[in-house]
Structure formats: structure tokens, C-alpha cells
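Peer 1: My file is target.cif. It has mmCIF, C-alpha atoms:
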data_my_file
#
loop_
_atom_site.label_atom_id
_atom_site.label_comp_id
_atom_site.auth_asym_id
_atom_site.auth_seq_id
_atom_site.Cartn_x
_atom_site.Cartn_y
_atom_site.Cartn_z
CA MET K 3 -46.89 64.92 49.48
CA SER K 4 -48.03 61.32 49.28
CA LYS K 5 -46.80 58.77 51.85
CA PRO K 6 -44.63 55.91 50.60
CA LYS K 7 -46.55 52.72 50.08
CA SER K 8 -45.83 49.99 52.64
CA ASN K 9 -44.02 46.95 51.36
CA ASN K 10 -46.02 44.01 52.74
CA ALA K 11 -43.66 41.46 51.25
CA LYS K 12 -40.69 43.08 53.00
CA THR K 13 -42.55 43.17 56.33
CA ILE K 14 -43.47 39.50 56.11
CA SER K 15 -39.90 38.62 55.10
CA VAL K 16 -38.44 40.41 58.12
CA ALA K 17 -40.96 38.76 60.46
CA LEU K 18 -40.20 35.31 59.07
CA THR K 19 -36.47 35.91 59.39
CA LEU K 20 -36.85 36.97 63.02
CA CYS K 21 -39.00 33.90 63.74
CA LEU K 22 -36.43 31.64 62.09
CA VAL K 23 -33.55 33.17 64.04
CA CYS K 24 -35.45 32.92 67.32
CA SER K 25 -36.40 29.31 66.58
CA VAL K 26 -32.79 28.39 65.90
CA LEU K 27 -31.65 30.09 69.12
CA VAL K 28 -34.33 28.39 71.21
CA SER K 29 -33.53 25.00 69.65
CA ALA K 30 -29.83 25.49 70.26
CA VAL K 31 -30.43 26.35 73.93
CA ALA K 32 -32.75 23.35 74.35
CA VAL K 33 -30.20 20.99 72.80
CA GLY K 34 -27.43 22.49 74.90
CA LEU K 35 -29.40 22.11 78.12
CA LYS K 36 -30.64 18.58 77.36
CA PRO K 37 -27.66 16.74 78.93
CA ALA K 38 -27.98 18.81 82.10
CA GLN K 39 -31.74 18.15 82.24
CA VAL K 40 -31.21 14.41 81.83
CA GLU K 41 -28.55 14.40 84.54
CA ASN K 42 -30.75 16.38 86.93
CA ALA K 43 -33.63 13.98 86.32
CA ARG K 44 -31.35 11.01 87.00
CA LEU K 45 -30.02 12.62 90.17
CA ASP K 46 -33.54 13.39 91.40
CA ARG K 47 -34.66 9.81 90.75
CA ASN K 48 -31.65 8.37 92.58
CA LYS K 49 -32.19 10.78 95.48
CA ASN K 50 -35.80 9.64 95.85
CA ILE K 51 -34.69 6.01 95.78
CA LEU K 52 -32.33 6.77 98.67
CA VAL K 53 -35.11 8.66 100.48
CA ALA K 54 -37.35 5.60 100.24
CA ALA K 55 -34.46 3.43 101.46
CA ASP K 56 -33.81 5.76 104.42
CA MET K 57 -30.33 6.51 103.09
CA TYR K 58 -30.60 10.25 102.45
CA ASP K 59 -30.27 13.28 104.73
CA ALA K 60 -31.79 16.36 103.08
CA GLU K 61 -29.92 18.72 105.39
CA SER K 62 -26.40 17.51 104.72
CA ASP K 63 -26.18 15.17 101.73
CA THR K 64 -24.83 16.47 98.42
CA ALA K 65 -25.14 15.28 94.84
CA ASP K 66 -21.83 13.46 95.29
CA ASP K 67 -23.22 11.66 98.35
CA VAL K 68 -26.23 10.55 96.32
CA ALA K 69 -24.04 9.26 93.50
CA GLU K 70 -21.76 7.38 95.91
CA ARG K 71 -24.55 5.72 97.88
CA PHE K 72 -26.51 4.77 94.78
CA LYS K 73 -23.55 2.61 93.72
CA ASP K 74 -24.67 0.15 96.40
CA PHE K 75 -27.76 -0.64 94.32
CA GLU K 76 -27.96 -2.99 91.37
CA VAL K 77 -30.49 -2.22 88.66
CA LYS K 78 -32.60 -5.24 87.70
CA ILE K 79 -35.41 -5.76 85.21
CA ILE K 80 -38.08 -8.26 86.26
CA ASP K 81 -40.92 -10.02 84.49
CA LEU K 82 -43.89 -8.94 86.61
CA ASN K 83 -46.00 -11.98 85.77
CA GLU K 84 -43.23 -14.54 86.31
CA GLY K 85 -41.44 -12.76 89.15
CA THR K 86 -38.03 -13.46 87.64
CA TYR K 87 -35.07 -11.39 86.48
CA LEU K 88 -34.35 -10.86 82.80
CA ASP K 89 -30.79 -11.65 81.76
CA ASP K 90 -29.10 -9.92 78.81
CA ASP K 91 -30.54 -12.37 76.25
CA ALA K 92 -34.05 -12.04 77.68
CA LEU K 93 -33.74 -8.25 77.66
CA LYS K 94 -32.77 -8.32 74.00
CA THR K 95 -35.69 -10.62 73.19
CA ALA K 96 -38.06 -8.31 75.07
CA GLY K 97 -36.81 -5.32 73.09
CA ILE K 98 -35.04 -3.62 76.02
CA PRO K 99 -31.57 -2.57 74.82
CA ASP K 100 -30.47 -0.89 78.06
CA ARG K 101 -31.70 -1.87 81.52
CA ASN K 102 -30.56 1.44 83.00
CA ALA K 103 -32.45 3.51 80.44
CA TYR K 104 -35.62 1.40 80.59
CA ASP K 105 -38.66 3.40 81.73
CA ALA K 106 -41.66 1.32 82.78
CA SER K 107 -43.94 4.36 82.59
CA GLN K 108 -43.02 4.87 78.94
CA ALA K 109 -43.39 1.13 78.34
CA THR K 110 -47.12 1.42 79.11
CA LYS K 111 -47.45 3.37 75.85
CA ASN K 112 -46.02 0.41 73.92
CA GLN K 113 -48.45 -2.47 73.39
CA ALA K 114 -45.58 -4.94 73.00
CA LEU K 115 -44.22 -4.01 76.44
CA SER K 116 -47.51 -3.64 78.35
CA GLU K 117 -50.97 -5.10 78.81
CA ASP K 118 -54.39 -3.50 79.11
CA LEU K 119 -55.82 -3.89 82.61
CA GLY K 120 -59.39 -3.28 81.50
CA ASP K 121 -61.80 -3.21 84.46
CA ASN K 122 -59.24 -4.83 86.78
CA ASP K 123 -57.36 -1.59 87.38
CA PRO K 124 -57.66 -0.43 91.00
CA ALA K 125 -54.60 1.84 90.71
CA GLY K 126 -56.05 3.64 87.66
CA ILE K 127 -52.95 3.24 85.49
CA GLY K 128 -54.72 1.90 82.38
CA ARG K 129 -51.94 -0.37 81.17
CA LYS K 130 -49.46 -2.39 83.21
CA PRO K 131 -45.87 -2.80 81.99
CA LYS K 132 -44.84 -6.40 81.45
CA TYR K 133 -41.43 -5.61 82.87
CA ALA K 134 -40.40 -3.41 85.79
CA LYS K 135 -37.13 -1.91 86.95
CA VAL K 136 -36.19 -2.57 90.58
CA TYR K 137 -33.21 -1.51 92.66
CA VAL K 138 -31.54 -4.12 94.85
CA LYS K 139 -28.95 -3.59 97.59
CA ASN K 140 -27.28 -6.85 98.61
CA ASP K 141 -25.60 -7.69 101.90
CA ASP K 142 -22.07 -9.05 102.24
CA ALA K 143 -23.33 -12.56 101.51
CA GLY K 144 -24.90 -11.45 98.24
CA GLN K 145 -28.46 -11.70 99.54
CA PRO K 146 -31.02 -8.91 99.00
CA GLU K 147 -30.84 -6.55 101.96
CA THR K 148 -33.05 -3.78 100.58
CA VAL K 149 -35.32 -3.75 97.53
CA VAL K 150 -36.73 -0.52 96.11
CA LEU K 151 -39.88 -0.89 94.01
CA PRO K 152 -41.19 1.86 91.69
CA ILE K 153 -44.93 2.45 92.18
CA GLN K 154 -47.55 4.60 90.50
CA GLY K 155 -51.29 5.16 90.68
CA TYR K 156 -53.96 7.77 90.11
CA GLY K 157 -54.64 10.25 92.90
CA LEU K 158 -57.08 13.17 92.77
CA TRP K 159 -55.73 15.18 89.83
CA GLY K 160 -53.31 12.84 88.11
CA THR K 161 -50.85 9.99 88.42
CA ILE K 162 -48.67 9.79 91.54
CA TYR K 163 -45.18 8.33 91.11
CA GLY K 164 -43.03 7.03 93.94
CA PHE K 165 -40.83 4.32 95.40
CA LEU K 166 -41.60 1.70 98.05
CA THR K 167 -38.73 0.01 99.90
CA LEU K 168 -38.85 -3.38 101.60
CA GLU K 169 -36.36 -4.87 104.04
CA SER K 170 -34.62 -8.21 103.59
CA ASP K 171 -37.70 -10.23 104.62
CA MET K 172 -39.52 -8.84 101.56
CA ASN K 173 -42.41 -7.94 103.83
CA THR K 174 -41.42 -5.14 106.19
CA ILE K 175 -41.75 -1.68 104.65
CA LYS K 176 -38.61 0.34 105.24
CA GLY K 177 -39.72 3.57 103.62
CA ILE K 178 -41.65 5.31 100.88
CA SER K 179 -41.18 8.42 98.75
CA PHE K 180 -43.20 10.32 96.15
CA TYR K 181 -41.40 12.33 93.51
CA GLU K 182 -44.06 13.39 91.01
CA HIS K 183 -47.75 14.19 91.43
CA LYS K 184 -50.45 16.84 90.84
CA GLU K 185 -52.11 16.70 94.24
CA THR K 186 -53.48 19.79 96.00
CA PRO K 187 -50.83 21.82 97.88
CA GLY K 188 -51.47 21.72 101.62
CA LEU K 189 -53.78 18.72 101.28
CA GLY K 190 -53.00 15.74 99.06
CA ALA K 191 -49.48 17.05 98.46
CA ARG K 192 -48.75 16.28 102.11
CA ILE K 193 -47.93 12.73 101.04
CA GLU K 194 -44.44 14.17 100.52
CA GLU K 195 -44.08 15.27 104.13
CA PRO K 196 -41.46 13.29 106.10
CA GLU K 197 -43.85 12.95 109.06
CA TRP K 198 -46.47 11.13 106.97
CA ARG K 199 -43.97 9.05 105.06
CA ALA K 200 -42.39 7.96 108.35
CA LYS K 201 -45.68 6.29 109.32
CA TRP K 202 -44.97 3.57 106.77
CA SER K 203 -41.75 2.39 108.42
CA GLY K 204 -42.18 -1.05 110.00
CA ILE K 205 -45.56 -1.76 108.39
CA GLU K 206 -46.14 -5.38 107.29
CA SER K 207 -46.99 -5.82 103.61
CA TYR K 208 -48.63 -9.27 103.90
CA ASP K 209 -50.52 -11.35 106.45
CA GLU K 210 -49.75 -14.98 107.32
CA ASN K 211 -51.76 -16.13 104.28
CA GLY K 212 -49.77 -13.99 101.87
CA ASN K 213 -52.53 -11.46 101.30
CA VAL K 214 -51.79 -7.74 101.11
CA ALA K 215 -52.36 -6.50 104.66
CA THR K 216 -51.88 -2.75 104.52
CA GLY K 217 -53.08 0.46 102.94
CA VAL K 218 -54.32 3.91 103.96
CA THR K 219 -57.37 4.32 106.19
CA LYS K 220 -59.76 7.25 106.29
CA ALA K 221 -58.29 10.04 108.43
CA GLY K 222 -59.19 9.63 112.08
CA ASN K 223 -60.11 5.94 111.74
CA PRO K 224 -56.95 4.07 112.79
CA LYS K 225 -56.52 0.46 111.80
CA GLU K 226 -53.73 -1.86 112.89
CA ASN K 227 -50.91 -2.11 110.35
CA TRP K 228 -52.53 0.56 108.14
CA VAL K 229 -51.48 4.18 107.77
CA ASP K 230 -53.85 6.94 108.85
CA GLY K 231 -54.98 9.05 105.90
CA ILE K 232 -54.48 12.79 105.55
CA SER K 233 -57.38 14.91 106.77
CA GLY K 234 -59.11 16.70 103.89
CA ALA K 235 -57.37 14.54 101.30
CA THR K 236 -59.54 11.44 101.17
CA LEU K 237 -59.23 10.90 97.43
CA THR K 238 -55.46 11.24 97.47
CA SER K 239 -55.23 8.87 100.45
CA ARG K 240 -57.46 6.40 98.66
CA GLY K 241 -55.32 6.67 95.54
CA VAL K 242 -52.16 5.90 97.53
CA SER K 243 -53.90 2.99 99.23
CA ASN K 244 -55.04 1.52 95.91
CA MET K 245 -51.55 2.03 94.50
CA ILE K 246 -49.87 0.20 97.39
CA GLN K 247 -52.30 -2.71 97.29
CA PHE K 248 -52.02 -3.03 93.50
CA TRP K 249 -48.23 -3.10 93.37
CA LEU K 250 -47.90 -5.43 96.36
CA GLY K 251 -50.55 -7.73 94.86
CA GLU K 252 -50.52 -10.46 92.23
CA GLN K 253 -50.67 -7.94 89.37
CA GLY K 254 -47.63 -6.16 90.77
CA TYR K 255 -44.53 -7.31 92.61
CA LYS K 256 -45.92 -10.20 94.69
CA PRO K 257 -44.69 -12.96 92.31
CA TYR K 258 -41.22 -11.38 92.42
CA LEU K 259 -41.20 -10.99 96.21
CA ASP K 260 -42.45 -14.56 96.65
CA THR K 261 -39.57 -15.74 94.45
CA LEU K 262 -37.02 -13.85 96.54
CA ARG K 263 -38.44 -15.33 99.75
CA GLU K 264 -38.38 -18.81 98.29
CA LYS K 265 -34.75 -18.46 97.22
CA SER K 266 -33.74 -17.28 100.68
CA GLY K 267 -35.80 -19.94 102.46
CA GLN K 268 -38.10 -17.41 104.12
CA THR K 269 -41.86 -17.59 104.65
CA VAL K 270 -44.45 -14.86 105.07
CA GLU K 271 -44.97 -16.02 108.66
CA GLY K 272 -41.28 -15.54 109.41
CA ALA K 273 -41.34 -12.23 107.62
CA ASP K 274 -44.26 -11.09 109.81
CA THR K 275 -42.20 -11.87 112.91
CA GLN K 276 -39.33 -9.77 111.60
CA ALA K 277 -41.74 -6.96 110.72
CA ASN K 278 -43.14 -6.94 114.26
CA GLN K 279 -39.64 -6.78 115.72
CA SER K 280 -38.77 -3.93 113.38
CA LYS K 281 -41.95 -2.07 114.31
CA SER K 282 -41.26 -2.48 118.04
CA ALA K 283 -37.72 -1.16 117.65
CA ALA K 284 -38.79 1.84 115.57
CA GLN K 285 -38.69 5.29 117.10
CA PRO K 286 -42.04 6.99 117.83
CA LYS K 287 -43.31 8.78 114.78
CA THR K 288 -43.94 12.52 114.77
CA GLU K 289 -47.58 13.32 114.20
CA LEU K 290 -48.61 15.47 111.27
CA ALA K 291 -48.99 19.18 111.89
CA ALA K 292 -52.42 20.60 112.64
CA LYS K 293 -54.92 19.34 110.11
CA LEU K 294 -55.87 21.80 107.44
CA PRO K 295 -59.44 22.47 106.30
CA VAL K 296 -60.72 21.39 102.92
CA ALA K 297 -59.85 23.98 100.26
CA ASN K 298 -62.72 24.88 97.93
CA GLY K 299 -64.08 21.37 98.25
CA LYS K 300 -61.46 20.08 95.84
CA GLU K 301 -60.28 17.35 98.19
CA ALA K 302 -62.95 15.17 99.74
#
Show this structure as C-alpha cells.
Peer 2:
Amino acid sequence: MSKPKSNNAKTISVALTLCLVCSVLVSAVAVGLKPAQVENARLDRNKNILVAADMYDAESDTADDVAERFKDFEVKIIDLNEGTYLDDDALKTAGIPDRNAYDASQATKNQALSEDLGDNDPAGIGRKPKYAKVYVKNDDAGQPETVVLPIQGYGLWGTIYGFLTLESDMNTIKGISFYEHKETPGLGARIEEPEWRAKWSGIESYDENGNVATGVTKAGNPKENWVDGISGATLTSRGVSNMIQFWLGEQGYKPYLDTLREKSGQTVEGADTQANQSKSAAQPKTELAAKLPVANGKEA
């Protein structure tokens, strides 16, 4: 008895139907989860801002604590070249409909909102946004008490994203955090460790002449007012150093920080004095755990 002939058309039809059904289900799940993903991303960003501002306790703070404390910050958009805030009219002219939703990293993909750095690109970011989002916490008198600055730069394997916080003198570093990177676990990824991040507290950003006066040294080669690099992670340390110097420099936030100092009647010299007092009052920092060996030569 002959076997029935297979119906190729029917087989293809069933396969296509299954693919269509699966696609619809996957799309529906993705759409349904999108609000939760956006909220989680926002919460993580705000948490890292608080980490950089030394306002977060990982052992006890909840999502509600993060939301409540973040209310102390005001979101501002600044013109990086001019060092000034953009009001609502200026935001509209710049093509930024919502200051809270503005993403400087995405702006680098828009030629109207960014500029090509060419060969003058020590942080390895390619294009610099014309406008940046900063987070400002004011004191009771309405003066900036804490300013959190988003920073980014290329490490060993990709771009490192983080936040740098300055105290009211716009010179003393209060804290730093890194929330996204592709650095080697156990080596470059140690930039996330609280012990290493704590080394930045009390560091002076500028010298008496207004030049950037800090960065990351090669591991085991201490330098006053610089942070000791991570052993076995030279390229990551160098990337962080370049990132810090770029964003504190003229291409980054320096025009803005100079403007804030001018408005408050401060000088870099006075800010250096405050930074030294802050550094003297700081608690001794815990040293990093035992240094790990280089893994497969990936970190130099």
C-alpha cells in the first residue's frame, strides 16, 4: 500500500501560523513589560545618583527610600560650552521637549544635539553632547549643596557610565559611582567596589590655577590628590582617569562649575581650602582586598 503524499503547503502553513502566534505572544509580553523595565531603569539610575552623593545604604534602603531622597534633587539641563542652564524656551529651541526624559548618551547619535570631537577625544566617546543633564541638591538658602554630574568614557572593552558628585565648593569630590560597563570581572570591574570608590572622597578637582588636578595613577605609584589604580587593570584605570579629566575639563563641566562658583562668590583657591578640610575630616579609607593576578593577559 502506497504512503500518502506529504502536503508541503500544509506544513509550511502550520509553521507560519505557529511563528505568527509566537511572535504576537512575544510582542505582547515585551509591550506589557516595557513600563516595568522603564521604571526599573529609572530606579537604578536614581539609586546610582544617590550612591555617588553618599546618600544610599545598600543594606537597608528600599526603593521607596530612593524615591523619597531623590526628590531633594532638581534636574537641570546645561549648555556644556556656555556653562549655563537652559530654561523652558531654550529647551524648546534646542529640540528637548522633556528635561527629565533627555538622555545625553542618545543625544550623541543626533548631529543637531552633539559635536564631533575628532582627534581631541581623550575619553574616547566620539561625539560630545551639546547639552548635559545634571542633578542639583540645594541648601536651605537655595544655593547648590551637591551637584551630581553624569560621566562616560571608554575603558578596556567598552564605554563606562557613571556619576561624579561635587560638594558645594564645586571642587571637592564627594563620591563617584559606575552603573554600566563591560570591564573584566575581578579586574577592571572592581571600579564598582565601595572600597575603591571611597578613595575619591575628599579629592580636589582643580589646582589653584583652575587646572584639573586629579585622575588615576598606575597601581602602586601613589600621587598626591590622585587615586591609586587597580592592580592588573591598567587600561580600565587609564580609561577612568581620562574620563574624569575630560569631564572636569573645558570640554566638559568646567565652564558650568566656574559659573556656579562665580555666582556664589567662590574661587578655586577657596575651594581648595575647603577640599583640604574635607579630606582631613574624612575617615580612613579601607584598602582594596588582596590584588588579583592578570587574567589571560586581557587587562594590562
Peer 1: Identify, on the basis of only C-alpha atoms, every residue whose closest approach to segment 153-161 of chain K does not exceed 8 Å; exclude the query and any residue fewer than 2 positions from it along the same chain; express the result as a PyMOL selection string.
Peer 2: chain K and resi 125-127+151+163-166+183-185+190+237-242+244-246+249+301
Peer 1: Which residues match the PyMOL selection byres ((chain K and resi 67-79) around 8) in the file above, as a list in words?
Peer 2: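 When the PyMOL selection byres ((chain K and resi 67-79) around 8) is applied to the shown file, the picked residues are Leu45, Asn48, Lys49, Leu52, Met57, Tyr58, Asp63, Thr64, Ala65, Asp66, Ile80, Asp81, Tyr87, Leu88, Arg101, Asn102, Tyr133, Ala134, Lys135, Val136, Tyr137, Val138, Lys139 and Asn140 of chain K.
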Peer 1: Taking all atoms listed in the file into account, which of K:Pro146, K:Gly128, K:Gly97, K:Gly204 comes nearest Leu259 of chain K?
Peer 2: K:Pro146
Peer 1: Once the PyMOL selection byres ((chain K and resi 257) around 12) is applied to the coordinates I shared, what remains selected? I want it as a list of chain:residue names.
Peer 2: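 Applying the expression gives K:Ile80, K:Asp81, K:Leu82, K:Asn83, K:Glu84, K:Gly85, K:Thr86, K:Tyr87, K:Met172, K:Gly212, K:Trp249, K:Leu250, K:Gly251, K:Glu252, K:Gln253, K:Gly254, K:Tyr255, K:Lys256, K:Tyr258, K:Leu259, K:Asp260, K:Thr261, K:Leu262, K:Arg263, K:Glu264.
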Peer 1: Grab the atom CA of Phe248 of chain K to atom CA of Asp90 of chain K distance for me, in Å with one decimal place.
Peer 2: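 Separation between atom CA of Phe248 of chain K and atom CA of Asp90 of chain K: 28.1 Å.
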Peer 1: Which residue, K:Ala60, K:Gly217, K:Lys132, K:Ile14, has the smallest gap to Leu119 of chain K when you use all atoms listed in the file?
Peer 2: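 Closest residue, counting all atoms listed in the file: K:Lys132.
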Peer 1: For Glu194 of chain K, find every residue with an atom within 10 Å (counting all atoms listed in the file), except residues of its own chain fewer than 2 positions away, and show them as a list of chain:residue names.
Peer 2: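 Result of the neighbour search: K:Gly164, K:Ile178, K:Ser179, K:Phe180, K:Tyr181, K:Glu182, K:His183, K:Gly190, K:Ala191, K:Arg192, K:Pro196, K:Glu197, K:Trp198, K:Arg199.
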Peer 1: To test the calculation: enclose all listed atoms of segment 141-157 of chain K in a box whose edges run along x, y and z, add 4 Å on each side, then state centre and edge lengths in Å to one decimal, as JSON.
Peer 2:
{"center_x": -38.4, "center_y": -1.2, "center_z": 96.2, "size_x": 40.6, "size_y": 30.8, "size_z": 20.1}
